[in-house]
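Just below is one structure, and these are the notes that go with it.
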Amino acid sequence: RQGEIQELELENILRELHKYDDIIEIKKGQQGADIVQCIKTENGLECGKIYYESKRTKNYNDNWLQKLRDDNLTVKADVRVLVTETMPDGHDKFFFKDGVWICSLWEAKGLSLVLRHGLLQVHSVSITNQGKETKIEML
């Protein structure tokens, strides 16, 4: 139950913070992590996904990272985030490990803003570069 409370809090934070994005809860009993955030541009185009797993336990487990990466094979999110109450030994702030951002619940808000901004920037650059060779040839 405590884990579910943190998951709901994370979902509420994301919905409040990112009003134009789709925040999709992975229902209990379904395979996968907890939340998928589909990043949308101002025009409503999807430009990336962030996949969240929430853990509220007394002990950190490195196996959560592999499970999140495995679950992502279906979702194909661009970024994976583990939100955990108990940080790994030697870490007291968010960090990146083995393809997964690891953070506390109180850091998730700021981290989601930065990751979303990065995905929007990558999308913008890819749009700018579309047809670049054709444009150069025409010039």
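Letters A, B, ... go to the chains of the structure tokens in the order shown; residues in each chain start at 1; ligands are counted from 1 in the same order.
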
Write out as an NGL selection string which residues come within 9 Å of Asp62 (chain A) when counting only C-alpha atoms, dropping same-chain ones fewer than 3 positions away. :A and (65-66 or 88)

Next, the residues of the selection above should be written as a PDB file, in the first residue's frame with N, CA and C atoms.
```pdb
ATOM      1  N   LEU A  65      16.796  -2.030 -11.861  1.00  0.00           N
ATOM      2  CA  LEU A  65      17.259  -1.375 -13.088  1.00  0.00           C
ATOM      3  C   LEU A  65      17.079  -2.287 -14.296  1.00  0.00           C
ATOM      4  N   GLN A  66      17.482  -3.548 -14.147  1.00  0.00           N
ATOM      5  CA  GLN A  66      17.337  -4.500 -15.249  1.00  0.00           C
ATOM      6  C   GLN A  66      15.868  -4.740 -15.570  1.00  0.00           C
ATOM      7  N   PRO A  88      20.569   4.010  -3.393  1.00  0.00           N
ATOM      8  CA  PRO A  88      21.674   3.051  -3.256  1.00  0.00           C
ATOM      9  C   PRO A  88      22.784   3.615  -2.361  1.00  0.00           C
TER      10      PRO A  88
END
```

Extract, using only C-alpha atoms, all DNA, RNA and protein residues at most 9 Å from region 26-37 of chain A, discarding same-chain residues fewer than 2 positions from it, and format them as a ChimeraX atom specification. /A:7,10-11,14,18,21-24,39,48-54,67-68,70-72,74-75,77
